[in-house]
Structures are given as structure tokens and as C-alpha cells.
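Q: Sharing upload35.cif below, mmCIF, C-alpha atoms:
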data_start
#
loop_
_atom_site.label_atom_id
_atom_site.label_comp_id
_atom_site.auth_asym_id
_atom_site.auth_seq_id
_atom_site.Cartn_x
_atom_site.Cartn_y
_atom_site.Cartn_z
CA MET A 1 -36.32 43.71 -15.05
CA SER A 2 -37.26 40.81 -17.31
CA THR A 3 -38.00 37.25 -16.27
CA LEU A 4 -34.77 36.15 -17.92
CA ASP A 5 -32.75 38.46 -15.68
CA THR A 6 -34.37 37.27 -12.43
CA ALA A 7 -34.38 33.55 -13.21
CA SER A 8 -32.14 31.28 -11.15
CA PRO A 9 -29.21 29.78 -13.04
CA THR A 10 -30.33 26.38 -11.90
CA SER A 11 -34.02 26.78 -12.74
CA PRO A 12 -34.94 24.21 -15.39
CA GLY A 13 -36.21 25.64 -18.64
CA ILE A 14 -35.73 29.28 -17.59
CA GLY A 15 -32.65 31.38 -18.10
CA ARG A 16 -29.33 29.57 -18.29
CA PRO A 17 -29.29 25.78 -18.39
CA PRO A 18 -28.82 23.99 -15.06
CA THR A 19 -25.22 23.47 -14.06
CA MET A 20 -24.02 20.22 -12.56
CA ARG A 21 -22.27 20.48 -9.25
CA ARG A 22 -18.82 19.00 -8.96
CA PRO A 23 -19.01 15.49 -7.42
CA TRP A 24 -17.24 15.14 -4.08
CA TYR A 25 -14.90 12.55 -5.60
CA GLY A 26 -13.89 14.77 -8.52
CA TRP A 27 -14.65 14.99 -12.23
CA ALA A 28 -11.92 12.50 -13.17
CA LEU A 29 -13.51 9.63 -11.23
CA HIS A 30 -17.04 10.69 -12.25
CA ASP A 31 -16.14 10.78 -15.93
CA GLY A 32 -14.09 7.61 -15.51
CA ALA A 33 -17.17 5.80 -14.19
CA VAL A 34 -19.15 6.91 -17.25
CA VAL A 35 -16.42 5.71 -19.63
CA ALA A 36 -16.14 2.43 -17.71
CA LYS A 37 -19.87 1.87 -18.16
CA ARG A 38 -19.51 2.54 -21.87
CA ASN A 39 -16.75 -0.09 -22.16
CA LEU A 40 -18.63 -2.65 -20.08
CA LEU A 41 -21.70 -2.29 -22.31
CA GLN A 42 -19.57 -3.66 -25.15
CA ILE A 43 -19.54 -7.10 -23.48
CA PRO A 44 -23.19 -8.05 -24.21
CA ARG A 45 -23.03 -6.28 -27.57
CA VAL A 46 -19.79 -7.98 -28.68
CA PRO A 47 -19.64 -11.18 -26.57
CA GLU A 48 -16.84 -12.57 -28.72
CA LEU A 49 -14.41 -10.18 -27.00
CA LEU A 50 -15.07 -11.74 -23.61
CA PHE A 51 -15.28 -15.26 -24.99
CA PHE A 52 -11.82 -15.25 -26.52
CA SER A 53 -10.30 -13.53 -23.47
CA LEU A 54 -11.63 -16.49 -21.44
CA VAL A 55 -10.60 -19.22 -23.86
CA GLN A 56 -6.87 -18.48 -23.97
CA PRO A 57 -6.11 -18.87 -20.23
CA VAL A 58 -8.33 -21.96 -20.00
CA ILE A 59 -6.33 -23.49 -22.88
CA PHE A 60 -3.12 -22.80 -20.93
CA VAL A 61 -4.59 -24.56 -17.89
CA LEU A 62 -5.54 -27.65 -19.90
CA LEU A 63 -2.32 -27.67 -21.95
CA PHE A 64 0.10 -27.46 -19.04
CA ALA A 65 -1.98 -29.60 -16.68
CA TYR A 66 -2.49 -32.55 -19.02
CA VAL A 67 0.35 -32.30 -21.57
CA PHE A 68 3.30 -31.05 -19.49
CA GLY A 69 2.06 -31.81 -15.98
CA GLY A 70 3.67 -35.24 -15.75
CA ALA A 71 7.01 -34.05 -17.11
CA ILE A 72 7.63 -31.08 -14.76
CA PRO A 73 8.52 -32.07 -11.18
CA VAL A 74 8.00 -29.55 -8.38
CA PRO A 75 11.08 -29.22 -6.11
CA GLY A 76 10.13 -29.78 -2.50
CA GLY A 77 7.18 -31.94 -3.48
CA GLY A 78 3.59 -31.15 -4.28
CA SER A 79 1.21 -31.41 -7.21
CA TYR A 80 2.23 -29.60 -10.38
CA ARG A 81 -1.39 -28.68 -11.04
CA GLU A 82 -1.59 -26.84 -7.73
CA TYR A 83 1.74 -25.20 -8.58
CA LEU A 84 0.49 -24.28 -12.07
CA ILE A 85 -2.83 -22.52 -11.47
CA PRO A 86 -1.44 -19.44 -9.63
CA GLY A 87 1.06 -19.13 -12.49
CA VAL A 88 -1.76 -19.05 -15.02
CA PHE A 89 -3.44 -16.40 -12.85
CA GLY A 90 -0.26 -14.33 -13.01
CA GLN A 91 -0.02 -14.64 -16.77
CA THR A 92 -3.68 -13.76 -17.19
CA VAL A 93 -3.54 -10.53 -15.17
CA ALA A 94 -0.35 -9.54 -16.98
CA PHE A 95 -1.98 -10.14 -20.36
CA ALA A 96 -4.71 -7.64 -19.46
CA ALA A 97 -2.19 -5.08 -20.70
CA ALA A 98 -2.53 -6.40 -24.25
CA GLY A 99 -6.29 -5.85 -24.27
CA VAL A 100 -6.09 -2.20 -23.31
CA THR A 101 -3.23 -1.64 -25.78
CA VAL A 102 -5.36 -2.79 -28.70
CA GLY A 103 -8.56 -1.21 -27.36
CA LEU A 104 -7.10 2.27 -26.95
CA SER A 105 -5.44 2.12 -30.34
CA GLU A 106 -8.75 1.17 -31.98
CA ASP A 107 -10.62 3.95 -30.17
CA MET A 108 -8.05 6.49 -31.34
CA HIS A 109 -8.26 5.43 -34.98
CA LYS A 110 -12.06 5.13 -35.03
CA GLY A 111 -12.43 8.70 -33.83
CA ILE A 112 -13.95 7.78 -30.46
CA ILE A 113 -11.17 9.54 -28.57
CA ASP A 114 -11.84 12.66 -30.66
CA ARG A 115 -15.48 12.54 -29.54
CA PHE A 116 -14.40 12.34 -25.91
CA ARG A 117 -12.08 15.27 -26.52
CA SER A 118 -14.98 17.41 -27.74
CA LEU A 119 -16.92 16.81 -24.53
CA PRO A 120 -16.52 18.82 -21.30
CA MET A 121 -14.86 16.00 -19.39
CA ALA A 122 -11.63 15.32 -17.55
CA SER A 123 -9.01 13.97 -19.94
CA SER A 124 -7.77 11.48 -17.35
CA GLY A 125 -11.32 10.14 -17.02
CA VAL A 126 -11.00 8.29 -20.34
CA LEU A 127 -8.01 6.28 -19.13
CA ILE A 128 -9.46 5.76 -15.66
CA GLY A 129 -12.68 4.42 -17.15
CA ARG A 130 -10.85 2.13 -19.55
CA SER A 131 -8.65 0.76 -16.78
CA LEU A 132 -11.59 0.14 -14.43
CA ALA A 133 -13.57 -1.67 -17.13
CA ASP A 134 -10.61 -3.90 -17.99
CA LEU A 135 -10.04 -4.61 -14.28
CA LEU A 136 -13.65 -5.77 -13.90
CA ARG A 137 -13.24 -8.02 -16.94
CA THR A 138 -10.09 -9.44 -15.33
CA VAL A 139 -12.10 -10.27 -12.20
CA LEU A 140 -14.56 -12.23 -14.33
CA VAL A 141 -11.72 -14.08 -16.09
CA LEU A 142 -10.15 -15.02 -12.74
CA VAL A 143 -13.49 -16.43 -11.57
CA VAL A 144 -13.70 -18.66 -14.65
CA LEU A 145 -10.06 -19.68 -14.27
CA SER A 146 -10.58 -20.56 -10.62
CA ILE A 147 -13.45 -22.85 -11.56
CA SER A 148 -11.31 -24.42 -14.30
CA GLY A 149 -8.49 -24.94 -11.81
CA LEU A 150 -10.78 -26.66 -9.33
CA LEU A 151 -11.92 -29.02 -12.07
CA VAL A 152 -8.33 -30.12 -12.89
CA GLY A 153 -7.30 -30.69 -9.28
CA TRP A 154 -6.28 -27.30 -7.88
CA SER A 155 -7.45 -26.25 -4.44
CA ILE A 156 -7.00 -23.44 -1.92
CA ASP A 157 -5.53 -24.86 1.27
CA SER A 158 -5.52 -21.72 3.38
CA SER A 159 -7.94 -19.41 5.16
CA VAL A 160 -10.46 -17.16 3.42
CA PRO A 161 -8.60 -13.91 4.34
CA GLU A 162 -5.34 -15.33 2.96
CA ALA A 163 -7.05 -16.43 -0.24
CA LEU A 164 -8.64 -13.00 -0.68
CA ALA A 165 -5.23 -11.40 -0.11
CA GLY A 166 -3.79 -13.61 -2.86
CA TYR A 167 -6.49 -12.52 -5.30
CA GLY A 168 -6.04 -8.90 -4.18
CA ILE A 169 -2.32 -8.91 -5.02
CA MET A 170 -3.12 -10.44 -8.40
CA LEU A 171 -5.71 -7.78 -9.24
CA LEU A 172 -3.53 -4.93 -8.01
CA PHE A 173 -0.72 -6.11 -10.26
CA GLY A 174 -3.18 -6.56 -13.13
CA TYR A 175 -4.37 -2.97 -12.68
CA ALA A 176 -0.78 -1.73 -12.90
CA MET A 177 -0.22 -3.76 -16.06
CA ILE A 178 -3.36 -2.24 -17.58
CA TRP A 179 -1.80 1.21 -17.20
CA VAL A 180 1.42 -0.05 -18.77
CA GLY A 181 -0.64 -1.36 -21.67
CA ALA A 182 -2.44 1.99 -21.96
CA TRP A 183 0.88 3.79 -22.27
CA VAL A 184 2.02 1.35 -24.96
CA GLY A 185 -1.29 1.63 -26.83
CA LEU A 186 -1.11 5.43 -26.96
CA HIS A 187 2.20 5.14 -28.82
CA MET A 188 0.94 2.72 -31.47
CA PRO A 189 0.41 4.07 -35.01
CA SER A 190 -2.36 1.59 -35.85
CA PRO A 191 -4.46 -1.20 -34.28
CA GLU A 192 -2.59 -3.77 -36.38
CA VAL A 193 0.74 -2.74 -34.88
CA ALA A 194 -0.84 -2.58 -31.42
CA ASN A 195 -2.09 -6.15 -31.77
CA THR A 196 1.49 -7.36 -32.25
CA ALA A 197 3.25 -4.96 -29.91
CA GLY A 198 0.76 -5.63 -27.12
CA LEU A 199 1.94 -9.23 -26.84
CA ALA A 200 5.56 -9.03 -28.01
CA TRP A 201 6.91 -7.96 -24.62
CA LEU A 202 4.43 -9.91 -22.48
CA PHE A 203 5.39 -13.42 -23.58
CA PRO A 204 9.06 -13.17 -22.51
CA LEU A 205 8.03 -11.33 -19.34
CA THR A 206 5.68 -14.12 -18.25
CA PHE A 207 7.80 -17.08 -19.35
CA LEU A 208 10.95 -15.64 -17.74
CA SER A 209 9.33 -16.18 -14.35
CA ASN A 210 8.20 -18.96 -12.04
CA ALA A 211 4.71 -18.97 -13.54
CA PHE A 212 5.02 -22.35 -15.29
CA VAL A 213 8.33 -23.91 -14.28
CA PRO A 214 10.30 -23.86 -11.00
CA LEU A 215 13.25 -21.48 -10.92
CA ALA A 216 15.63 -24.22 -9.75
CA GLY A 217 15.72 -25.75 -13.24
CA MET A 218 16.88 -22.53 -14.94
CA PRO A 219 20.51 -21.52 -15.63
CA THR A 220 21.98 -19.36 -12.87
CA TRP A 221 21.98 -16.11 -14.85
CA LEU A 222 18.42 -16.66 -16.03
CA GLN A 223 17.29 -17.65 -12.55
CA THR A 224 18.49 -14.28 -11.23
CA ILE A 225 16.46 -12.42 -13.85
CA ALA A 226 13.38 -14.52 -13.11
CA GLU A 227 13.67 -13.99 -9.35
CA TRP A 228 13.56 -10.19 -9.74
CA ASN A 229 10.75 -10.34 -12.29
CA PRO A 230 7.68 -8.84 -10.54
CA ILE A 231 5.49 -11.61 -11.98
CA SER A 232 7.53 -14.18 -10.05
CA ALA A 233 6.87 -12.37 -6.78
CA VAL A 234 3.17 -11.97 -7.58
CA VAL A 235 2.80 -15.67 -8.44
CA LEU A 236 4.82 -16.80 -5.41
CA SER A 237 2.70 -14.57 -3.16
CA ALA A 238 -0.45 -16.22 -4.51
CA ARG A 239 1.01 -19.72 -4.01
CA GLU A 240 1.91 -18.98 -0.41
CA LEU A 241 -1.41 -17.31 0.36
CA PHE A 242 -3.38 -20.10 -1.35
CA GLY A 243 -1.36 -22.77 0.47
CA ASN A 244 -0.03 -24.25 -2.78
CA PRO A 245 3.45 -25.69 -3.50
CA THR A 246 6.12 -23.02 -3.99
CA GLY A 247 8.88 -25.14 -5.56
CA LEU A 248 11.83 -23.94 -3.45
CA PRO A 249 11.77 -20.40 -4.88
CA GLY A 250 15.24 -19.20 -3.77
CA THR A 251 16.94 -16.96 -1.24
CA SER A 252 16.87 -13.56 -2.96
CA PHE A 253 14.86 -10.70 -1.46
CA PRO A 254 11.90 -10.99 -3.91
CA MET A 255 11.63 -14.73 -3.16
CA THR A 256 11.94 -14.46 0.62
CA HIS A 257 9.59 -11.44 0.87
CA PRO A 258 7.30 -11.98 -2.15
CA GLU A 259 4.28 -10.08 -0.83
CA LEU A 260 6.36 -7.01 0.03
CA TYR A 261 8.19 -7.05 -3.31
CA ALA A 262 5.01 -7.73 -5.30
CA VAL A 263 3.07 -4.85 -3.74
CA GLY A 264 6.06 -2.49 -3.81
CA SER A 265 6.91 -3.13 -7.47
CA THR A 266 3.22 -2.84 -8.39
CA LEU A 267 2.86 0.54 -6.69
CA LEU A 268 6.05 1.68 -8.40
CA LEU A 269 4.60 0.72 -11.79
CA LEU A 270 1.46 2.72 -11.01
CA LEU A 271 3.48 5.75 -9.89
CA ILE A 272 5.42 5.65 -13.17
CA PHE A 273 2.85 4.72 -15.79
CA VAL A 274 -0.31 6.47 -14.58
CA PRO A 275 1.25 9.97 -15.00
CA LEU A 276 3.04 8.91 -18.20
CA SER A 277 -0.19 7.56 -19.72
CA VAL A 278 -2.24 10.64 -18.79
CA ARG A 279 0.49 12.93 -20.12
CA LYS A 280 0.74 11.00 -23.39
CA TYR A 281 -3.05 11.00 -23.75
CA ARG A 282 -3.25 14.78 -23.30
CA HIS A 283 -0.40 15.31 -25.75
CA THR A 284 -1.99 12.97 -28.31
CA THR A 285 -5.47 14.48 -28.12
CA SER A 286 -4.15 18.06 -28.24
CA LYS A 287 -2.76 17.62 -31.75
#
Would you mind writing the structure in this file as C-alpha cells?
A:
Amino acid sequence: MSTLDTASPTSPGIGRPPTMRRPWYGWALHDGAVVAKRNLLQIPRVPELLFFSLVQPVIFVLLFAYVFGGAIPVPGGGSYREYLIPGVFGQTVAFAAAGVTVGLSEDMHKGIIDRFRSLPMASSGVLIGRSLADLLRTVLVLVVLSISGLLVGWSIDSSVPEALAGYGIMLLFGYAMIWVGAWVGLHMPSPEVANTAGLAWLFPLTFLSNAFVPLAGMPTWLQTIAEWNPISAVVLSARELFGNPTGLPGTSFPMTHPELYAVGSTLLLLLIFVPLSVRKYRHTTSK
């Protein structure tokens, strides 16, 4: 019997190459962590991507705080700047969808997705890694926005656990929106189209909410739409948990139970768009 026949399959340099044992948390999360690291490494290499993702929400803070702040009263009293900042948070986490839409489309057309396809890795790991990397970027953006808000007069007037719960609801919703953006990006024929389509549906979604103006000033039919908009519940949850003015939100279920509606609608989005995105990715890469 030769040495090759008696060698252990896991012996380095002898016989068959060593095989990697399956991680206890599964190949999808393992491969997702590797892809997330790859996407995060782009930040120091292309710092402009992070810079411009930080500039836009800060501009919204300054624009609404100093230009429109004196012209928009808050029903029930309170500072408009304290009313505004959670709304900017809500818009920012929602706009995370646009980044992943463009990013996935670019990866597909640059051939990066084809390289991933040629590797022995879980197909869902690519989307998991992309979503985790974008979520971590969103955390960084929220930190910068919080500092900007403090500088213009915003404050958190509640306990630390309540404040953390407010940020947690924001990030959970942002993670769901990232998966929605991934699904949209996988349908785009080119990065140019993705750049437009990634924002076309987000602007009406965020402005038809209580993010920037109180619902009481809207027409009745539009107020109903805004009340059931998940962004309104997410923003109202943050305002309540931060101890900020709420602006007499209304008597509908999403406005009287914002935390429950925000978390429930977010989990529903994840249940819908995570399987749809993974299925579309597998169908796209199998062509």
C-alpha cells in the first residue's frame, strides 16, 4: 500500500487537500461574513462612497433645521428641530436601499457576481454579506447624523434603554429596506438604470410620511396613506423613545401602537424580500 493510499484526507501536503469543516452557524453566514469584509474594505479604498453617503443626510438636517424650521409649527408644541432629527434618521435608513440597488447592479455588470458564482460558496452568502456591510455603514451614518443633530439643538430626553430601542427599530427597518433594495437591484438591466430606479420610489415613500412635516397638515386622504406608511411608524417610534415631540400623530392603529406596527411591518418585509432576493439571485446567476 502506497503512502498516498494511507495518508489522512486532512493531512497537509499529503494525499487529498485538507477539507474545511462546516461552521456551526452554516456556510451561508460564514460566506456572508467574508463578502461583508470584502465590501467594507472598499471604504478606505474608495472613501468618496462613504463621504457622499454622509453628506446628503447632513444637508437635509441643515436645510430643514435652518431654512424650513421656523415655518413648520409642531402641533402640541415642541421644537421643530427635535421633531425633525428622527425623521431624517428614518429617511436615511430607508435610503440605504438605494445604495445596495446600485452596488449589486454594478457587481453584476463588472463580472464580480460571476466570480462569486465560480467559487464553492453559498449563493445566499453574497446577499447576506452585502446586506451586513450596508447595515454597518448605516450605523456609521447614524452616528454622524446624531452628532449633527446635537449640534443644531436636538437632544434625547429619555433613558438609555429607550434610546437604544429607538436606534434598534431604525436599524431593523433599515436592514429590511436593504433587502428590498437588493431585490430591486437584481432586476436592473444596468447600473445607470439602477441609479435612477433606486431613488425613484424612495422619495415619495419618505415624503408621504411624518418624517418632515406633521400629519395634521395633510389632506385627509393623504393623511391616511401617511399614517399606514411604515416609515411613519418607525419615525414616530423613535420620537417617542427619544422623548421628542410627536406632533399629535393621530388615532389610527399605526399611530397609537407605532412600535408594534413598525416591528411587525419590518419583519413582514424581511419575510417577503429575503426569499425573493435569494431566489432572484440564484435565477440570475444560473443563466
Q: Return as a ChimeraX atom specification the set of residues that the PyMOL selection byres ((chain A and resi 86) around 10) yields on the displayed structure.
A: /A:81-85,87-92,145-146,149,154,166-167,170,210-212,234-240,242,244
Q: Mind writing the picked residues with C-alpha atoms as a CSV table (one decimal), in the coordinates of the input?
A:
chain,number,residue,atom,x,y,z
A,81,ARG,CA,-1.4,-28.7,-11.0
A,82,GLU,CA,-1.6,-26.8,-7.7
A,83,TYR,CA,1.7,-25.2,-8.6
A,84,LEU,CA,0.5,-24.3,-12.1
A,85,ILE,CA,-2.8,-22.5,-11.5
A,87,GLY,CA,1.1,-19.1,-12.5
A,88,VAL,CA,-1.8,-19.0,-15.0
A,89,PHE,CA,-3.4,-16.4,-12.8
A,90,GLY,CA,-0.3,-14.3,-13.0
A,91,GLN,CA,0.0,-14.6,-16.8
A,92,THR,CA,-3.7,-13.8,-17.2
A,145,LEU,CA,-10.1,-19.7,-14.3
A,146,SER,CA,-10.6,-20.6,-10.6
A,149,GLY,CA,-8.5,-24.9,-11.8
A,154,TRP,CA,-6.3,-27.3,-7.9
A,166,GLY,CA,-3.8,-13.6,-2.9
A,167,TYR,CA,-6.5,-12.5,-5.3
A,170,MET,CA,-3.1,-10.4,-8.4
A,210,ASN,CA,8.2,-19.0,-12.0
A,211,ALA,CA,4.7,-19.0,-13.5
A,212,PHE,CA,5.0,-22.4,-15.3
A,234,VAL,CA,3.2,-12.0,-7.6
A,235,VAL,CA,2.8,-15.7,-8.4
A,236,LEU,CA,4.8,-16.8,-5.4
A,237,SER,CA,2.7,-14.6,-3.2
A,238,ALA,CA,-0.4,-16.2,-4.5
A,239,ARG,CA,1.0,-19.7,-4.0
A,240,GLU,CA,1.9,-19.0,-0.4
A,242,PHE,CA,-3.4,-20.1,-1.4
A,244,ASN,CA,0.0,-24.2,-2.8
Q: Any chance you could work out the residue set of the PyMOL selection byres ((chain A and resi 123) around 8) here, as a list in words?
A: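 That selection, the PyMOL selection byres ((chain A and resi 123) around 8), comes back as Ala28, Arg117, Met121, Ala122, Ser124, Gly125, Val126, Leu127, Val278, Tyr281 and Arg282 of chain A.
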Q: On this file, the PyMOL selection byres ((chain A and resi 198-205) around 8) gives some set of residues; write that set as a list of chain:residue names.
A: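 On this input, the PyMOL selection byres ((chain A and resi 198-205) around 8) captures A:Ala94, A:Phe95, A:Ala97, A:Ala98, A:Gly99, A:Thr101, A:Val102, A:Gly181, A:Val184, A:Gly185, A:Ala194, A:Asn195, A:Thr196, A:Ala197, A:Thr206, A:Phe207, A:Leu208, A:Ser209, A:Asn229, A:Ile231.
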Q: With C-alpha atoms retained, write the just-selected residues as a PDB file, keeping the file's coordinate frame.
A:
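The new file selection.pdb reads:
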ATOM      1  CA  ALA A  94      -0.350  -9.540 -16.980  1.00  0.00           C
ATOM      2  CA  PHE A  95      -1.980 -10.140 -20.360  1.00  0.00           C
ATOM      3  CA  ALA A  97      -2.190  -5.080 -20.700  1.00  0.00           C
ATOM      4  CA  ALA A  98      -2.530  -6.400 -24.250  1.00  0.00           C
ATOM      5  CA  GLY A  99      -6.290  -5.850 -24.270  1.00  0.00           C
ATOM      6  CA  THR A 101      -3.230  -1.640 -25.780  1.00  0.00           C
ATOM      7  CA  VAL A 102      -5.360  -2.790 -28.700  1.00  0.00           C
ATOM      8  CA  GLY A 181      -0.640  -1.360 -21.670  1.00  0.00           C
ATOM      9  CA  VAL A 184       2.020   1.350 -24.960  1.00  0.00           C
ATOM     10  CA  GLY A 185      -1.290   1.630 -26.830  1.00  0.00           C
ATOM     11  CA  ALA A 194      -0.840  -2.580 -31.420  1.00  0.00           C
ATOM     12  CA  ASN A 195      -2.090  -6.150 -31.770  1.00  0.00           C
ATOM     13  CA  THR A 196       1.490  -7.360 -32.250  1.00  0.00           C
ATOM     14  CA  ALA A 197       3.250  -4.960 -29.910  1.00  0.00           C
ATOM     15  CA  THR A 206       5.680 -14.120 -18.250  1.00  0.00           C
ATOM     16  CA  PHE A 207       7.800 -17.080 -19.350  1.00  0.00           C
ATOM     17  CA  LEU A 208      10.950 -15.640 -17.740  1.00  0.00           C
ATOM     18  CA  SER A 209       9.330 -16.180 -14.350  1.00  0.00           C
ATOM     19  CA  ASN A 229      10.750 -10.340 -12.290  1.00  0.00           C
ATOM     20  CA  ILE A 231       5.490 -11.610 -11.980  1.00  0.00           C
TER      21      ILE A 231
END
Q: In Å to one decimal, how far is CA of His30 in chain A from CA of Pro120 in chain A?
A: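 So the two atoms, CA of Pro120 in chain A and CA of His30 in chain A, lie 12.2 Å apart.
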Q: Tell me which of A:Gly153, A:Gly32, A:Gly129, A:Pro258 sits closest to Val61 in chain A, counting all atoms listed in the file.
A: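 Looking only at the distances to Val61 in chain A, the closest residue turns out to be A:Gly153.
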Q: Quick one: of A:Pro275, A:Pro57, A:Pro191, A:Gly78, who's nearest to Gly243 in chain A, counting all atoms listed in the file?
A: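 That would be A:Gly78, the residue with the smallest distance to Gly243 in chain A.
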Q: So what do you get for CA of Leu248 in chain A versus CA of Tyr80 in chain A, distance-wise?
A: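 Computing the Euclidean distance for CA of Leu248 in chain A and CA of Tyr80 in chain A yields 13.1 Å.
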Q: Would you mind telling me which residue in A:Leu132, A:Ile147, A:Leu171, A:Ile156 lies nearest to Pro245 in chain A when using all atoms listed in the file?
A: A:Ile156
Q: As a ChimeraX atom specification, please: the residues near Leu268 in chain A (cut-off 12 Å, all atoms listed in the file, same-chain neighbours under 4 positions excluded).
A: /A:172-173,176-177,179-180,230,261-264,272-275
Q: Quick one: of A:Ser131, A:Ser158, A:Thr284, A:Gln42, who's nearest to Leu29 in chain A, counting all atoms listed in the file?
A: A:Ser131
Q: Could you please determine the separation between CA of Phe60 in chain A and CA of Pro75 in chain A in Å, to one decimal place?
A: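 Spanning CA of Phe60 in chain A to CA of Pro75 in chain A is a straight-line distance of 21.5 Å.
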Q: Name all residues at most 9 Å from Val141 in chain A (count all atoms listed in the file; drop same-chain ones fewer than 2 positions away) and give them as a PyMOL selection string.
A: chain A and resi 50+53-54+57+92-93+136-139+143-146
Q: What residues have an atom no more than 10 Å from (-8.0, 1.6, -28.6) in the file's own frame, counting all atoms listed in the file, and can you write them as a PyMOL selection string?
A: chain A and resi 99-113+130+182+185-186+188+190-191+194
Q: Name the closest residue to Leu150 in chain A among the candidates A:Ile225, A:Ala33, A:Ala233, A:Val58; distances are taken between atoms, counting only C-alpha atoms.
A: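 Under the stated criterion, the closest residue is A:Val58.
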